[in-house]
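One structure is given below, encoded as structure tokens.
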Amino acid sequence: MTYWAELVELYEYKVADALGSRVPRGGRRSLAELREVLLAAPLEPALYHRLLASERQYRAHLRGGGLVEATPARPPAPRPPAAEDVHPTWTPPVTSGAAEAHAWEELRQLAWYAGLRTRLLHLGRALQAKPERPMLRTLYAVVENAGREARGVAQELAVPAAHDPLVSLHQPEVTRDLMLTLADGLLSPGGRSRLRAALSAVHEAPFPRHPDEDVFAARLEAAEREPLAPGARAALMDALRASFPQARDPRERPAIREAARRLQQGLDEVLADAPGPGLGTLPGRSILYAAHAEAALPEPDDGAAELVIHLAGGQAARWRGLDLRWQPVGPNWQLQVDGQVALLRPDRSPAERLLTLTTPNLTLHGALSGAYLLLRAEPRSAAALGRLAAQVRVVALLLDPTEYHANLRLARAAVQFLRDGAVKAASLGPGSAARYFEAPEGTLLALTRKGAEGLTARLSRLTPAGADAALRASAAVLGLSAERARRLHERLHAAAFIPEDLPEPQSLTRVEVPGDGRFVSVDLGDEPLALRALGRTLTLRLDHRGNLLAVQSGHPPAVLGDLLVLRRPEGQILLVRQGTWLGVAAGPTEQGKEAPGNVQPSSA
């Protein structure tokens with residue numbers, strides 16, 4: 001809980017900066033990402049109330065026109081545009097077909113709806129812990145009356161009493177169903193209007209007076225005047241009370257009205273970031289295999305947090321290190337993600353068109369609209385980036401061109417040995433490396449990464465001794481040293497089992513990267529990032545298409561997805577990225593020296 005308390009406090013500081021017309025540390029993007037993480041976090045009630053208080057202030061600030069950040073008093077001097085900067089930095093939206101634009105709009109709604117369900121479930125647990133549960137009882141009546149209005153039932157439900165056994169709000173599953181029903185009602189504009197009307201009705205009359213209440217009071221007064229013995233009079237009064245329903249305490253009405261007022265405020269807060277109606281447009285280069293040419297995304301961005309796929313336009317994709325395959329099954333779609341299979345049903349309810357898939361390195365949240373699928377990667381984590389850092393060291397080792405790409409040839413030989421029990425040495429001699437020298441850097445990087453992932457998966461199923469023996473046997477067939485096989489085994493073992501420990505990122509615009517191979521972490525902002533590595537400056541900046549480019553004088557720009565290896569005469573620069581978290585390391589090639597990182601000897 002100390003971890004979440006510190007994050008809530010950090011969010012309060014960032015909101016305070018925004019309210020004071022200052023640029024939040026890390027930019028608006030870091031504030032939005034921190035907000036998304038906290039709204040889905042398992043906060044205790046006190047922390048959640050602090051979060052909602054800051055959220056309410058920030059939303060009021062945005063509605064008041066405080067969205068534009070303060071302009072610094074002394075703006076930096078503009079630099080001359082480079083050759084790559086002559087393109088426009090803004091891409092106009094695409095006026096696409098009605099079906100594609102509708103799917104894009106619905107996917108935005110479903111993504112918001114998925115987050116809304118998480119927030120309301122957390123809110124339900126907090127309201128259930130309150131004494132007497134006034135807000136939860138009020139919300140129960142509001143949701144029930146909105147549902148009755150949708151079904152055409154005229155009779156309204158009064159707010160139940162604190163310990164009504166027919167409601168059972170003390171049971172977690174009842175509260176869970178109530179909050180999910182509320183989320184379903186908030187998804188559509190019609191449901192929102194019915195909920196608002198029901199909330200106003202409850203505020204006006206929390207519970208009605210009994211129509212015979214005055215008659216009952218007159219009967220009690222008359223019984224008190226009867227000339228009876230005290231015991232007989234008491235028995236008569238008890239009989240009268242038993243024949244009339246017990247009246248609600250009128251002092252409960254102010255508490256219910258206050259609960260309704262607070263629920264109205266909460267409703268405004270959760271709807272503040274709801275997607276508005278679309279205009280029949282969608283961003284350019286936004287959908288993989290899009291039906292509209294200008295909206296088509298050429299290839300998935302491994303550094304992006306989400307991906308939209310037109311399922312009818314293709315059959316497979318690779319994103320964030322995951323192999324995605326799909327095929328139609330009647331009116332439905334079958335999706336396969338690294339061996340996991342999910343059936344997607346476009347004709348189901350919104351809740352049934354949401355899915356979650358957990359892989360060893362990543363958790364995917366998805367939403368389906370017709371033949372369009374939205375995938376969102378879970379917010380960044382140190383463990384996932386650590387695994388990526390260990391993986392990029394394997395890729396960097398395989399890209400070492402010494403001895404005619406000996407490491408890459410050894411990796412291919414090990415795959416043959418593990419698959420067939422033998423190595424075809426004739427096809428893996430020094431002459432086979434000619435195509436590696438001729439291949440473009442991007443193509444060679446993709447090929448090497450795919451081979452590294454496959455070999456890591458194979459060796460992870462063996463014992464360390466078995467994996468070491470396979471690599472040594474493969475090296476012997478190719479005439480390579482056992483030391484080379486040992487070093488490759490260390491890297492593969494770390495990629496499979498030992499994620500690197502990266503430091504927490506810092507919001508900087510200039511970074512000095514040490515030359516000993518250790519990773520440093522940076523929180524990417526809106527401004528270009530200058531990295532001083534291997535005695536030269538490397539700049540990371542966005543191009544006009546939204547790609548993150550690594551630009552260095554004398555070399556062509558390289559697109560940074562989730563990992564990148566830049567080979568230079570002075571050594572190698574390793575970059576890994578997850579969202580805005582960037583890890584960068586620089587140093588000489590690893591062959592012939594002890595490499596940094598979390599390695600483990602093959603004798604383990």
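So you can find residues: chains in the structure tokens are A, B, ... in the order shown, residues in each start at 1, and ligands are numbered from 1 in order.
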
Quiz item: Which polymer residues have any atom within 10 Å of an atom of Arg125 of chain A, counting only C-alpha atoms, with same-chain residues fewer than 3 positions away left out, as a ChimeraX atom specification?
Solution: /A:42,44-45,120-122,128-130,136,172,175-176,179

Quiz prompt | Non-local contacts of segment 236-238 of chain A (10 Å; only C-alpha atoms; under 3 positions in same chain excluded) as a VMD selection string | solution = chain A and resid 219 to 224 226 228 230 to 233 241 to 243

Self-check item: Between atom CA of Glu403 of chain A and atom CA of Phe437 of chain A - distance in Å to one decimal
Solution: 11.9 Å

Practice problem: Write out as a list in words the residues lying within 7 Å of Ala316 of chain A, counting only C-alpha atoms and excluding same-chain residues fewer than 3 positions away. | Solution: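 Everything that qualifies: Leu324, Arg325 and Trp326 of chain A.
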
How would the residues just picked look written out with N, CA and C atoms as an mmCIF file, in the first residue's frame?
```cif
data_model
loop_
_atom_site.group_PDB
_atom_site.id
_atom_site.type_symbol
_atom_site.label_atom_id
_atom_site.label_comp_id
_atom_site.auth_asym_id
_atom_site.auth_seq_id
_atom_site.Cartn_x
_atom_site.Cartn_y
_atom_site.Cartn_z
ATOM 1 N N LEU A 324 0.142 -12.912 -33.796
ATOM 2 C CA LEU A 324 -1.314 -12.824 -33.843
ATOM 3 C C LEU A 324 -1.799 -13.476 -35.133
ATOM 4 N N ARG A 325 -2.725 -14.401 -35.015
ATOM 5 C CA ARG A 325 -3.342 -15.047 -36.180
ATOM 6 C C ARG A 325 -4.849 -15.127 -35.948
ATOM 7 N N TRP A 326 -5.603 -15.030 -37.030
ATOM 8 C CA TRP A 326 -7.053 -15.080 -36.898
ATOM 9 C C TRP A 326 -7.654 -15.647 -38.176
#
```

Exercise. Mind the document's chain letters and residue numbers, and return as a PyMOL selection string the residues of segment 505-603 of chain A that DSSP labels strand (DSSP E).
Key: chain A and resi 510-512+520-523+529-533+536-542+548-551+558-559+563-568+571-578+581-587

Quiz prompt | Spatial neighbours of Leu10 of chain A, 12 Å, only C-alpha atoms, chain gap at least 3 places, as an NGL selection string | solution = :A and (3-7 or 13-17 or 24-26 or 30-31 or 34-35 or 38 or 50-51 or 54)

Selection from above, C-alpha atoms, as a JSON list (two decimals), in the first residue's frame, can you write it?
```json
[["chain", "number", "residue", "atom", "x", "y", "z"],
["A", 3, "TYR", "CA", 3.66, 2.00, -3.29],
["A", 4, "TRP", "CA", 0.12, 3.10, -4.24],
["A", 5, "ALA", "CA", 0.18, 5.90, -1.65],
["A", 6, "GLU", "CA", 3.33, 7.33, -3.24],
["A", 7, "LEU", "CA", 1.78, 7.16, -6.71],
["A", 13, "TYR", "CA", 1.67, 16.95, -7.28],
["A", 14, "LYS", "CA", 1.20, 16.70, -11.05],
["A", 15, "VAL", "CA", -2.39, 17.98, -10.79],
["A", 16, "ALA", "CA", -1.20, 20.83, -8.59],
["A", 17, "ASP", "CA", 1.30, 21.79, -11.30],
["A", 24, "PRO", "CA", 3.48, 18.81, -15.09],
["A", 25, "ARG", "CA", 6.78, 17.03, -14.60],
["A", 26, "GLY", "CA", 7.00, 14.62, -17.51],
["A", 30, "SER", "CA", 2.81, 11.21, -18.05],
["A", 31, "LEU", "CA", -0.12, 12.72, -16.12],
["A", 34, "LEU", "CA", -0.46, 7.85, -14.22],
["A", 35, "ARG", "CA", -4.18, 8.59, -14.00],
["A", 38, "LEU", "CA", -4.35, 4.64, -10.57],
["A", 50, "ARG", "CA", -7.84, 11.38, -2.45],
["A", 51, "LEU", "CA", -7.54, 10.27, -6.06],
["A", 54, "SER", "CA", -7.58, 15.43, -7.36]]
```

Exercise. Find the residues around segment 586-590 of chain A up to 9 Å (only C-alpha atoms counted), leave out those fewer than 5 positions away in its own chain, and share them as a list in words.
Key: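 Within the cut-off, the hits are Arg393, Ala396, Leu397, Asp400, Arg487, Val513, Pro514, Gly515, Asp516, Gly517, Arg518, Phe519, Ala533, Leu534, Arg567, Pro569, Glu570, Gly571, Gln572, Ile573, Leu574, Leu575, Ala595 and Pro596 of chain A.
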
Dump as JSON lines the rows for residues of segment 152-184 of chain A within 9 Å of segment 110-119 of chain A: closest atom pair and distance in Å with one decimal, only C-alpha atoms counted, ordered by chain and rising residue number.
```
{"residue": "A:Met179", "atom": "CA", "partner": "A:Arg117", "partner_atom": "CA", "distance": 7.5}
{"residue": "A:Leu180", "atom": "CA", "partner": "A:Arg117", "partner_atom": "CA", "distance": 6.2}
{"residue": "A:Leu182", "atom": "CA", "partner": "A:Arg117", "partner_atom": "CA", "distance": 8.7}
{"residue": "A:Ala183", "atom": "CA", "partner": "A:Arg117", "partner_atom": "CA", "distance": 5.8}
{"residue": "A:Asp184", "atom": "CA", "partner": "A:Tyr113", "partner_atom": "CA", "distance": 8.2}
```

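Close contacts of segment 539-543 of chain A, defined as residues with an atom at most 6 Å away when counting only C-alpha atoms, with chain neighbours fewer than 6 positions off set aside, comprise Pro528, Leu529, Ala530, Leu549, Ala550 and Val551 of chain A.
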
Quiz item: Using only C-alpha atoms, which of A:Gln391, A:Ser432, A:Thr138, A:Gln506 sits nearest Ala452 of chain A?
Solution: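 Smallest separation from Ala452 of chain A among the options: A:Gln391.
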
Please provide as a tab-separated table (two decimals) with N, CA, C and O atoms, in the first residue's frame all residues within 9 Å of Arg253 of chain A, with the sequence filter that same-chain residues fewer than 4 positions apart are discarded (counting only C-alpha atoms).
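Output file out-v4.tsv is given in full below:
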```
chain	number	residue	atom	x	y	z
A	203	HIS	N	-33.68	11.88	-5.39
A	203	HIS	CA	-33.35	13.07	-4.61
A	203	HIS	C	-34.63	13.81	-4.20
A	203	HIS	O	-34.71	14.36	-3.09
A	205	ALA	N	-37.75	12.42	-3.81
A	205	ALA	CA	-38.54	11.61	-2.86
A	205	ALA	C	-37.78	10.33	-2.56
A	205	ALA	O	-37.93	9.33	-3.29
A	206	PRO	N	-36.92	10.33	-1.53
A	206	PRO	CA	-36.17	9.12	-1.21
A	206	PRO	C	-37.06	7.92	-0.93
A	206	PRO	O	-36.79	6.82	-1.39
A	207	PHE	N	-38.11	8.12	-0.18
A	207	PHE	CA	-39.13	7.07	0.04
A	207	PHE	C	-40.45	7.78	0.33
A	207	PHE	O	-40.50	8.75	1.08
A	249	ASP	N	-38.02	6.16	9.23
A	249	ASP	CA	-37.62	7.32	10.01
A	249	ASP	C	-37.43	8.51	9.06
A	249	ASP	O	-36.60	8.46	8.15
A	257	ARG	N	-30.66	12.17	0.44
A	257	ARG	CA	-30.51	13.27	-0.52
A	257	ARG	C	-29.04	13.67	-0.67
A	257	ARG	O	-28.58	13.99	-1.78
A	258	GLU	N	-28.30	13.65	0.41
A	258	GLU	CA	-26.87	13.95	0.32
A	258	GLU	C	-26.15	12.86	-0.49
A	258	GLU	O	-25.26	13.17	-1.29
```

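For the atom pair formed by atom CA of Ala585 of chain A and atom CA of Arg435 of chain A, the distance is 27.8 Å, given to one decimal.
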
Show me, as a Markdown table, the residues of segment 561-592 of chain A having an atom within 8 Å of segment 522-526 of chain A, each with the closest atom pair and its distance in Å, using only C-alpha atoms.
```
| residue | atom | partner | partner_atom | distance |
| --- | --- | --- | --- | --- |
| A:Thr580 | CA | A:Leu524 | CA | 4.8 |
| A:Trp581 | CA | A:Asp523 | CA | 5.0 |
| A:Leu582 | CA | A:Val522 | CA | 5.2 |
| A:Gly583 | CA | A:Val522 | CA | 6.5 |
```

Quiz item: Between A:Leu560, A:Ala154, A:Leu344, A:Ala467, which has the minimum distance to Ala304 of chain A (counting only C-alpha atoms)?
Solution: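 The shortest atom-to-atom distance to Ala304 of chain A comes from A:Leu560.
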
Quiz item: Between A:Leu157, A:Ala406, A:Leu335, A:Val270, which has the minimum distance to Arg56 of chain A (counting only C-alpha atoms)?
Solution: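 Among the listed residues, the smallest separation from Arg56 of chain A belongs to A:Val270.
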